[in-house]
>>> print(open('input.txt').read())   # compact mmCIF, C-alpha atoms
# COMPACT_ATOMS: atom_id res chain seq x y z
CA LYS A 7 0.00 0.00 0.00
CA ASN A 8 1.36 3.42 -0.95
CA GLU A 9 1.91 5.91 1.82
CA VAL A 10 -0.12 8.47 -0.15
CA GLU A 11 -3.30 7.47 -1.97
CA GLN A 12 -5.36 9.76 -4.17
CA SER A 13 -8.88 9.35 -5.49
CA PRO A 14 -10.20 9.36 -8.03
CA GLN A 15 -7.40 8.58 -10.47
CA ASN A 16 -9.30 10.21 -13.31
CA LEU A 17 -12.10 12.74 -13.22
CA THR A 18 -14.14 14.34 -15.97
CA ALA A 19 -16.38 17.29 -15.19
CA GLN A 20 -18.43 19.84 -17.06
CA GLU A 21 -17.59 23.50 -16.84
CA GLY A 22 -19.06 25.04 -13.72
CA GLU A 23 -19.14 21.87 -11.65
CA PHE A 24 -17.80 21.66 -8.10
CA ILE A 25 -14.86 19.25 -7.96
CA THR A 26 -13.37 17.33 -5.06
CA ILE A 27 -10.10 15.40 -5.13
CA ASN A 28 -9.14 13.31 -2.13
CA CYS A 29 -5.81 12.39 -0.56
CA SER A 30 -5.28 9.87 2.24
CA TYR A 31 -1.96 9.13 3.87
CA SER A 32 -0.74 6.53 6.32
CA VAL A 33 2.23 8.21 8.01
CA GLY A 34 2.71 11.02 10.48
CA ILE A 35 3.26 14.27 8.64
CA SER A 36 4.40 17.80 9.32
CA ALA A 37 2.83 19.26 6.17
CA LEU A 38 0.81 18.33 3.11
CA HIS A 39 1.20 19.88 -0.33
CA TRP A 40 -1.15 20.11 -3.29
CA LEU A 41 0.51 20.54 -6.68
CA GLN A 42 -0.80 21.07 -10.19
CA GLN A 43 0.93 19.54 -13.21
CA HIS A 44 0.04 20.97 -16.60
CA PRO A 45 -0.05 18.86 -19.79
CA GLY A 46 3.41 20.11 -20.77
CA GLY A 47 4.84 18.72 -17.53
CA GLY A 48 5.46 21.86 -15.50
CA ILE A 49 4.44 21.70 -11.84
CA VAL A 50 3.04 24.53 -9.75
CA SER A 51 2.67 24.41 -5.98
CA LEU A 52 -0.91 25.28 -4.99
CA PHE A 53 -1.01 24.87 -1.23
CA MET A 54 1.08 23.82 1.74
CA LEU A 55 -0.97 23.14 4.85
CA SER A 56 -0.55 21.48 8.21
CA SER A 57 -4.02 22.09 9.66
CA GLY A 58 -7.43 23.49 8.84
CA LYS A 59 -8.21 25.06 5.52
CA LYS A 60 -6.69 27.36 2.91
CA LYS A 61 -8.34 29.17 0.03
CA HIS A 62 -6.89 30.77 -3.08
CA GLY A 63 -9.32 32.00 -5.70
CA ARG A 64 -11.55 29.10 -6.70
CA LEU A 65 -9.34 26.53 -4.98
CA ILE A 66 -9.87 25.33 -1.42
CA ALA A 67 -7.70 22.82 0.43
CA THR A 68 -8.64 21.18 3.71
CA ILE A 69 -6.85 18.74 5.96
CA ASN A 70 -7.99 16.53 8.84
CA ILE A 71 -4.90 15.44 10.75
CA GLN A 72 -6.76 12.93 12.94
CA GLU A 73 -8.27 11.17 9.94
CA LYS A 74 -5.09 11.55 7.84
CA HIS A 75 -7.07 12.96 4.96
CA SER A 76 -7.02 16.04 2.78
CA SER A 77 -9.31 17.33 0.05
CA LEU A 78 -8.78 19.77 -2.78
CA HIS A 79 -11.93 21.50 -4.00
CA ILE A 80 -12.37 23.50 -7.18
CA THR A 81 -15.44 25.70 -7.38
CA ALA A 82 -16.96 26.81 -10.70
CA SER A 83 -14.57 24.60 -12.67
CA HIS A 84 -13.24 25.77 -16.02
CA PRO A 85 -11.46 23.97 -18.89
CA ARG A 86 -8.22 25.72 -17.92
CA ASP A 87 -8.35 23.74 -14.64
CA SER A 88 -7.66 20.58 -16.66
CA ALA A 89 -4.43 19.18 -15.27
CA VAL A 90 -3.04 16.48 -12.99
CA TYR A 91 -3.39 17.32 -9.30
CA ILE A 92 -0.79 15.78 -7.02
CA CYS A 93 -0.83 15.36 -3.26
CA ALA A 94 2.49 15.14 -1.42
CA VAL A 95 3.27 14.77 2.28
CA ARG A 96 6.29 15.69 4.32
CA ASN A 97 6.91 12.90 6.79
CA THR A 98 7.50 13.89 10.39
CA GLY A 99 11.22 13.95 11.07
CA THR A 100 12.28 13.97 7.40
CA ALA A 101 12.14 17.65 6.50
CA SER A 102 14.02 17.08 3.28
CA LYS A 103 11.69 14.49 1.78
CA LEU A 104 8.27 14.64 0.17
CA THR A 105 6.28 11.49 -0.60
CA PHE A 106 4.07 11.95 -3.64
CA GLY A 107 0.77 10.45 -4.66
CA THR A 108 0.30 9.28 -8.23
CA GLY A 109 -2.00 12.16 -9.09
CA THR A 110 -5.58 12.75 -10.18
CA ARG A 111 -6.08 13.58 -13.84
CA LEU A 112 -8.87 16.16 -14.21
CA GLN A 113 -10.50 17.10 -17.47
CA VAL A 114 -13.08 19.87 -17.54
CA THR A 115 -15.20 20.07 -20.67
CA LEU A 116 -17.38 22.85 -22.04
CA ASP B 11 11.90 37.16 -14.08
CA GLY B 12 12.79 34.81 -11.24
CA GLY B 13 12.42 31.11 -11.75
CA ILE B 14 13.96 27.75 -12.51
CA THR B 15 15.15 26.71 -15.93
CA GLN B 16 15.95 23.23 -17.14
CA SER B 17 17.64 22.31 -20.35
CA PRO B 18 17.29 20.69 -22.71
CA LYS B 19 13.56 19.99 -22.94
CA TYR B 20 14.26 16.66 -24.67
CA LEU B 21 17.45 14.63 -24.42
CA PHE B 22 18.46 11.45 -26.14
CA ARG B 23 20.98 9.00 -24.73
CA LYS B 24 22.81 6.24 -26.49
CA GLU B 25 23.76 3.00 -24.78
CA GLY B 26 26.78 3.41 -22.50
CA GLN B 27 26.66 7.21 -22.63
CA ASN B 28 26.59 9.64 -19.73
CA VAL B 29 24.32 12.66 -20.13
CA THR B 30 23.96 15.78 -18.00
CA LEU B 31 20.73 17.62 -17.32
CA SER B 32 20.98 21.29 -16.46
CA CYS B 33 19.06 23.06 -13.68
CA GLU B 34 19.52 26.75 -12.92
CA GLN B 35 17.60 28.98 -10.50
CA ASN B 36 17.76 32.71 -9.85
CA LEU B 37 15.48 32.64 -6.81
CA ASN B 38 18.40 32.74 -4.37
CA HIS B 39 17.19 29.44 -2.91
CA ASP B 40 19.50 27.38 -0.75
CA ALA B 41 17.87 23.99 -1.35
CA MET B 42 17.61 22.20 -4.69
CA TYR B 43 16.18 18.82 -5.68
CA TRP B 44 16.06 16.34 -8.54
CA TYR B 45 13.02 14.12 -9.07
CA ARG B 46 12.20 11.40 -11.54
CA GLN B 47 8.64 10.87 -12.80
CA ASP B 48 7.50 7.63 -14.46
CA PRO B 49 4.01 6.91 -15.82
CA GLY B 50 1.62 5.79 -13.11
CA GLN B 51 4.06 6.56 -10.30
CA GLY B 52 4.55 9.47 -7.97
CA LEU B 53 7.63 11.64 -8.20
CA ARG B 54 10.68 10.04 -6.62
CA LEU B 55 13.62 11.92 -5.13
CA ILE B 56 17.00 11.27 -6.73
CA TYR B 57 19.27 13.76 -4.95
CA TYR B 58 18.89 16.94 -2.97
CA SER B 59 21.18 19.72 -1.80
CA GLN B 60 20.55 21.89 1.23
CA ILE B 61 23.41 24.26 0.56
CA VAL B 62 26.31 24.88 -1.79
CA ASN B 63 28.97 22.15 -1.84
CA ASP B 64 26.66 19.70 -0.05
CA PHE B 65 24.25 17.11 -1.41
CA GLN B 66 22.49 13.99 -0.17
CA LYS B 67 21.15 10.85 -1.84
CA GLY B 68 17.42 10.47 -2.19
CA ASP B 69 15.44 7.27 -2.66
CA ILE B 70 16.75 6.31 -6.11
CA ALA B 71 20.28 7.73 -6.37
CA GLU B 72 21.91 4.68 -7.98
CA GLY B 73 23.13 5.45 -11.48
CA TYR B 74 22.99 9.22 -10.98
CA SER B 75 25.45 11.87 -9.80
CA VAL B 76 25.16 15.56 -8.98
CA SER B 77 27.29 18.55 -8.05
CA ARG B 78 26.50 21.83 -6.31
CA GLU B 79 29.45 24.11 -6.93
CA LYS B 80 27.29 27.21 -7.26
CA LYS B 81 24.15 28.20 -5.40
CA GLU B 82 22.17 28.70 -8.59
CA SER B 83 23.15 25.48 -10.36
CA PHE B 84 22.48 21.78 -9.61
CA PRO B 85 23.29 19.62 -12.66
CA LEU B 86 22.29 15.95 -12.74
CA THR B 87 24.35 13.37 -14.61
CA VAL B 88 22.65 10.18 -15.70
CA THR B 89 25.44 7.63 -15.95
CA SER B 90 25.65 4.45 -17.99
CA ALA B 91 25.04 2.56 -14.72
CA GLN B 92 21.41 3.72 -14.77
CA LYS B 93 19.84 0.88 -16.74
CA ASN B 94 16.39 2.38 -17.16
CA PRO B 95 16.93 6.11 -17.62
CA THR B 96 13.89 6.87 -19.79
CA ALA B 97 11.75 9.20 -17.67
CA PHE B 98 10.70 12.79 -17.07
CA TYR B 99 13.17 14.62 -14.81
CA LEU B 100 12.11 17.56 -12.69
CA CYS B 101 14.32 19.97 -10.79
CA ALA B 102 12.99 22.03 -7.89
CA SER B 103 14.24 24.54 -5.37
CA SER B 104 13.12 26.04 -2.07
CA THR B 105 14.39 28.62 0.38
CA GLN B 106 15.04 25.81 2.86
CA VAL B 107 14.31 22.08 2.77
CA ALA B 108 10.97 22.25 4.61
CA GLU B 109 9.52 25.07 2.55
CA THR B 110 7.40 25.21 -0.60
CA GLN B 111 9.24 23.86 -3.62
CA TYR B 112 9.29 25.61 -6.99
CA PHE B 113 9.62 23.35 -10.00
CA GLY B 114 11.32 23.72 -13.34
CA PRO B 115 9.64 22.76 -16.64
CA GLY B 116 11.33 19.35 -16.76
CA THR B 117 13.54 17.39 -19.16
CA ARG B 118 12.34 14.26 -20.94
CA LEU B 119 15.14 11.75 -21.38
CA LEU B 120 14.83 9.06 -24.02
CA VAL B 121 17.18 6.18 -24.76
CA LEU B 122 18.04 5.43 -28.39
>>> encode(input="input.txt", output="structure tokens")
Amino acid sequence: KNEVEQSPQNLTAQEGEFITINCSYSVGISALHWLQQHPGGGIVSLFMLSSGKKKHGRLIATINIQEKHSSLHITASHPRDSAVYICAVRNTGTASKLTFGTGTRLQVTL
Amino acid sequence: DGGITQSPKYLFRKEGQNVTLSCEQNLNHDAMYWYRQDPGQGLRLIYYSQIVNDFQKGDIAEGYSVSREKKESFPLTVTSAQKNPTAFYLCASSTQVAETQYFGPGTRLLVL
């Protein structure tokens, strides 16, 4: 079993839909990251969080430390949101290392 | 503009050949990283450097080497000992190791 599991693996939505991507992890962590990988391969860091909730524009990230679970929400989705969304955790005591999930491929259609 | 650049975008390697992937950043970051991405797998850490003239092995360092002679540069050499080098290679940097990482555009390495 991977230390970081994401669901779903693939997601197709229509423009305007509310989207949720889930991340579960099995280790103690000091922080969790959400990343966005565009079709060309470039990666952008969206959020780093260790508790609670963060919001940036139409993106919201939440984390429940007790349940070892995080969600990334996209409100009013748009075709430009189409990308792979990656969850990564920083294990407690290993500040230098991130463990990555395999990603959720999102396609938003008109 | 501040950022991370990787070159080349595509790189071809012949059998028995060493190749070097470039990574440069002008963000004044102390920490730099090299990751490998394969289809259906999460990114895996090859090497990282917390500061100039220092670097540490990651999870899959065998067949790779790095140097950190300058703060802004962290080249990765894929040696002939790496038997399955075909992958997408991503470089990243951060102010310190526990902070948000900024990624370069990546280099796709293909074996001829």
>>> closest_residue(input="input.txt", among="B:Val62, B:Val107, B:Ala91, B:Ala97", to="chain A", atoms="all atoms listed in the file")
B:Val107
>>> closest_atom_pairs(input="input.txt", of="chain B", to="chain A", cutoff="9 Å", atoms="all atoms listed in the file", output="JSON lines")
{"residue": "B:Pro49", "atom": "CA", "partner": "A:Thr108", "partner_atom": "CA", "distance": 8.8}
{"residue": "B:Gly50", "atom": "CA", "partner": "A:Thr108", "partner_atom": "CA", "distance": 6.1}
{"residue": "B:Gln51", "atom": "CA", "partner": "A:Thr108", "partner_atom": "CA", "distance": 5.1}
{"residue": "B:Gly52", "atom": "CA", "partner": "A:Thr108", "partner_atom": "CA", "distance": 4.3}
{"residue": "B:Leu53", "atom": "CA", "partner": "A:Phe106", "partner_atom": "CA", "distance": 5.8}
{"residue": "B:Arg54", "atom": "CA", "partner": "A:Phe106", "partner_atom": "CA", "distance": 7.5}
{"residue": "B:Leu55", "atom": "CA", "partner": "A:Lys103", "partner_atom": "CA", "distance": 7.6}
{"residue": "B:Tyr58", "atom": "CA", "partner": "A:Ser102", "partner_atom": "CA", "distance": 7.9}
{"residue": "B:Gln60", "atom": "CA", "partner": "A:Ser102", "partner_atom": "CA", "distance": 8.4}
{"residue": "B:Gly68", "atom": "CA", "partner": "A:Lys103", "partner_atom": "CA", "distance": 8.0}
{"residue": "B:Phe98", "atom": "CA", "partner": "A:Gly47", "partner_atom": "CA", "distance": 8.3}
{"residue": "B:Leu100", "atom": "CA", "partner": "A:Gly48", "partner_atom": "CA", "distance": 8.4}
{"residue": "B:Gln106", "atom": "CA", "partner": "A:Ser102", "partner_atom": "CA", "distance": 8.8}
{"residue": "B:Val107", "atom": "CA", "partner": "A:Ser102", "partner_atom": "CA", "distance": 5.0}
{"residue": "B:Ala108", "atom": "CA", "partner": "A:Ala101", "partner_atom": "CA", "distance": 5.1}
{"residue": "B:Glu109", "atom": "CA", "partner": "A:Met54", "partner_atom": "CA", "distance": 8.6}
{"residue": "B:Thr110", "atom": "CA", "partner": "A:Met54", "partner_atom": "CA", "distance": 6.9}
{"residue": "B:Gln111", "atom": "CA", "partner": "A:Ser51", "partner_atom": "CA", "distance": 7.0}
{"residue": "B:Tyr112", "atom": "CA", "partner": "A:Ser51", "partner_atom": "CA", "distance": 6.8}
{"residue": "B:Phe113", "atom": "CA", "partner": "A:Ile49", "partner_atom": "CA", "distance": 5.7}
{"residue": "B:Gly114", "atom": "CA", "partner": "A:Gly48", "partner_atom": "CA", "distance": 6.5}
{"residue": "B:Pro115", "atom": "CA", "partner": "A:Gly48", "partner_atom": "CA", "distance": 4.4}
{"residue": "B:Gly116", "atom": "CA", "partner": "A:Gly48", "partner_atom": "CA", "distance": 6.5}
{"residue": "B:Thr117", "atom": "CA", "partner": "A:Gly47", "partner_atom": "CA", "distance": 9.0}
>>> residues_around(input="input.txt", residues="A:Ser57", least_positions_apart="2", cutoff="7 Å", atoms="all atoms listed in the file", output="list in words")
Leu55, Lys59, Ile69, Asn70 and Ile71 of chain A
>>> closest_residue(input="input.txt", among="B:Lys24, B:Arg118, B:Lys19, B:Lys67", to="B:Asp48", atoms="only C-alpha atoms")
B:Arg118
>>> residues_around(input="input.txt", residues="A:Glu9", least_positions_apart="5", cutoff="7 Å", atoms="all atoms listed in the file", output="PyMOL selection string")
chain A and resi 31-33
>>> closest_residue(input="input.txt", among="B:Val76, B:Ile56, B:Leu21, B:Cys101", to="B:Gln35", atoms="all atoms listed in the file")
B:Cys101
>>> residues_around(input="input.txt", residues="B:Ser83", least_positions_apart="5", cutoff="7 Å", atoms="all atoms listed in the file", output="number ranges by chain")
B: 33-35, 78
>>> residues_around(input="input.txt", residues="A:Ala67", least_positions_apart="5", cutoff="7 Å", atoms="only C-alpha atoms", output="VMD selection string")
chain A and resid 59 to 61 77 to 79
>>> build_atoms(input="input.txt", residues="stretch 48-59 of chain A", atoms="all heavy atoms", output="PDB file, in the frame of the given file")
ATOM      1  N   GLY A  48       5.083  20.947 -16.562  1.00  0.00           N
ATOM      2  CA  GLY A  48       5.460  21.860 -15.500  1.00  0.00           C
ATOM      3  C   GLY A  48       4.567  21.709 -14.278  1.00  0.00           C
ATOM      4  O   GLY A  48       3.381  21.421 -14.388  1.00  0.00           O
ATOM      5  N   ILE A  49       5.155  21.868 -13.107  1.00  0.00           N
ATOM      6  CA  ILE A  49       4.440  21.700 -11.840  1.00  0.00           C
ATOM      7  C   ILE A  49       4.410  23.016 -11.087  1.00  0.00           C
ATOM      8  O   ILE A  49       5.424  23.714 -10.988  1.00  0.00           O
ATOM      9  CB  ILE A  49       5.101  20.610 -10.974  1.00  0.00           C
ATOM     10  CG1 ILE A  49       4.907  19.231 -11.622  1.00  0.00           C
ATOM     11  CG2 ILE A  49       4.538  20.612  -9.561  1.00  0.00           C
ATOM     12  CD1 ILE A  49       5.552  18.092 -10.865  1.00  0.00           C
ATOM     13  N   VAL A  50       3.228  23.323 -10.550  1.00  0.00           N
ATOM     14  CA  VAL A  50       3.040  24.530  -9.750  1.00  0.00           C
ATOM     15  C   VAL A  50       2.543  24.109  -8.368  1.00  0.00           C
ATOM     16  O   VAL A  50       1.656  23.261  -8.258  1.00  0.00           O
ATOM     17  CB  VAL A  50       2.009  25.471 -10.404  1.00  0.00           C
ATOM     18  CG1 VAL A  50       1.709  26.642  -9.495  1.00  0.00           C
ATOM     19  CG2 VAL A  50       2.521  25.948 -11.744  1.00  0.00           C
ATOM     20  N   SER A  51       3.123  24.682  -7.340  1.00  0.00           N
ATOM     21  CA  SER A  51       2.670  24.410  -5.980  1.00  0.00           C
ATOM     22  C   SER A  51       1.436  25.246  -5.696  1.00  0.00           C
ATOM     23  O   SER A  51       1.451  26.466  -5.871  1.00  0.00           O
ATOM     24  CB  SER A  51       3.783  24.724  -4.994  1.00  0.00           C
ATOM     25  OG  SER A  51       3.375  24.426  -3.684  1.00  0.00           O
ATOM     26  N   LEU A  52       0.345  24.577  -5.263  1.00  0.00           N
ATOM     27  CA  LEU A  52      -0.910  25.280  -4.990  1.00  0.00           C
ATOM     28  C   LEU A  52      -1.030  25.644  -3.509  1.00  0.00           C
ATOM     29  O   LEU A  52      -1.378  26.765  -3.171  1.00  0.00           O
ATOM     30  CB  LEU A  52      -2.094  24.409  -5.409  1.00  0.00           C
ATOM     31  CG  LEU A  52      -2.182  24.019  -6.876  1.00  0.00           C
ATOM     32  CD1 LEU A  52      -3.330  23.051  -7.091  1.00  0.00           C
ATOM     33  CD2 LEU A  52      -2.340  25.256  -7.755  1.00  0.00           C
ATOM     34  N   PHE A  53      -0.837  24.663  -2.658  1.00  0.00           N
ATOM     35  CA  PHE A  53      -1.010  24.870  -1.230  1.00  0.00           C
ATOM     36  C   PHE A  53       0.020  24.046  -0.451  1.00  0.00           C
ATOM     37  O   PHE A  53       0.407  22.972  -0.870  1.00  0.00           O
ATOM     38  CB  PHE A  53      -2.402  24.396  -0.749  1.00  0.00           C
ATOM     39  CG  PHE A  53      -3.557  25.154  -1.305  1.00  0.00           C
ATOM     40  CD1 PHE A  53      -4.339  24.603  -2.304  1.00  0.00           C
ATOM     41  CD2 PHE A  53      -3.891  26.403  -0.805  1.00  0.00           C
ATOM     42  CE1 PHE A  53      -5.418  25.296  -2.821  1.00  0.00           C
ATOM     43  CE2 PHE A  53      -4.971  27.101  -1.315  1.00  0.00           C
ATOM     44  CZ  PHE A  53      -5.736  26.548  -2.318  1.00  0.00           C
ATOM     45  N   MET A  54       0.391  24.593   0.705  1.00  0.00           N
ATOM     46  CA  MET A  54       1.080  23.820   1.740  1.00  0.00           C
ATOM     47  C   MET A  54       0.291  24.050   3.020  1.00  0.00           C
ATOM     48  O   MET A  54       0.068  25.197   3.404  1.00  0.00           O
ATOM     49  CB  MET A  54       2.529  24.265   1.925  1.00  0.00           C
ATOM     50  CG  MET A  54       3.256  23.469   2.998  1.00  0.00           C
ATOM     51  SD  MET A  54       5.020  23.827   3.122  1.00  0.00           S
ATOM     52  CE  MET A  54       5.008  25.490   3.794  1.00  0.00           C
ATOM     53  N   LEU A  55      -0.188  22.955   3.633  1.00  0.00           N
ATOM     54  CA  LEU A  55      -0.970  23.140   4.850  1.00  0.00           C
ATOM     55  C   LEU A  55      -0.667  22.059   5.869  1.00  0.00           C
ATOM     56  O   LEU A  55      -0.311  20.948   5.517  1.00  0.00           O
ATOM     57  CB  LEU A  55      -2.476  23.207   4.542  1.00  0.00           C
ATOM     58  CG  LEU A  55      -3.233  22.065   3.915  1.00  0.00           C
ATOM     59  CD1 LEU A  55      -4.735  22.266   4.084  1.00  0.00           C
ATOM     60  CD2 LEU A  55      -2.895  21.875   2.468  1.00  0.00           C
ATOM     61  N   SER A  56      -0.787  22.419   7.122  1.00  0.00           N
ATOM     62  CA  SER A  56      -0.550  21.480   8.210  1.00  0.00           C
ATOM     63  C   SER A  56      -1.784  21.331   9.094  1.00  0.00           C
ATOM     64  O   SER A  56      -1.828  20.432   9.939  1.00  0.00           O
ATOM     65  CB  SER A  56       0.649  21.906   9.050  1.00  0.00           C
ATOM     66  OG  SER A  56       0.468  23.228   9.506  1.00  0.00           O
ATOM     67  N   SER A  57      -2.766  22.203   8.900  1.00  0.00           N
ATOM     68  CA  SER A  57      -4.020  22.090   9.660  1.00  0.00           C
ATOM     69  C   SER A  57      -5.065  22.957   8.981  1.00  0.00           C
ATOM     70  O   SER A  57      -4.734  23.892   8.234  1.00  0.00           O
ATOM     71  CB  SER A  57      -3.824  22.543  11.109  1.00  0.00           C
ATOM     72  OG  SER A  57      -3.515  23.916  11.151  1.00  0.00           O
ATOM     73  N   GLY A  58      -6.337  22.627   9.252  1.00  0.00           N
ATOM     74  CA  GLY A  58      -7.430  23.490   8.840  1.00  0.00           C
ATOM     75  C   GLY A  58      -7.663  23.583   7.347  1.00  0.00           C
ATOM     76  O   GLY A  58      -7.794  22.580   6.653  1.00  0.00           O
ATOM     77  N   LYS A  59      -7.716  24.791   6.857  1.00  0.00           N
ATOM     78  CA  LYS A  59      -8.210  25.060   5.520  1.00  0.00           C
ATOM     79  C   LYS A  59      -7.489  26.264   4.933  1.00  0.00           C
ATOM     80  O   LYS A  59      -7.158  27.199   5.652  1.00  0.00           O
ATOM     81  CB  LYS A  59      -9.721  25.328   5.642  1.00  0.00           C
ATOM     82  CG  LYS A  59     -10.454  25.780   4.420  1.00  0.00           C
ATOM     83  CD  LYS A  59     -11.928  26.003   4.811  1.00  0.00           C
ATOM     84  CE  LYS A  59     -12.738  26.589   3.695  1.00  0.00           C
ATOM     85  NZ  LYS A  59     -14.161  26.760   4.097  1.00  0.00           N
TER      86      LYS A  59
END
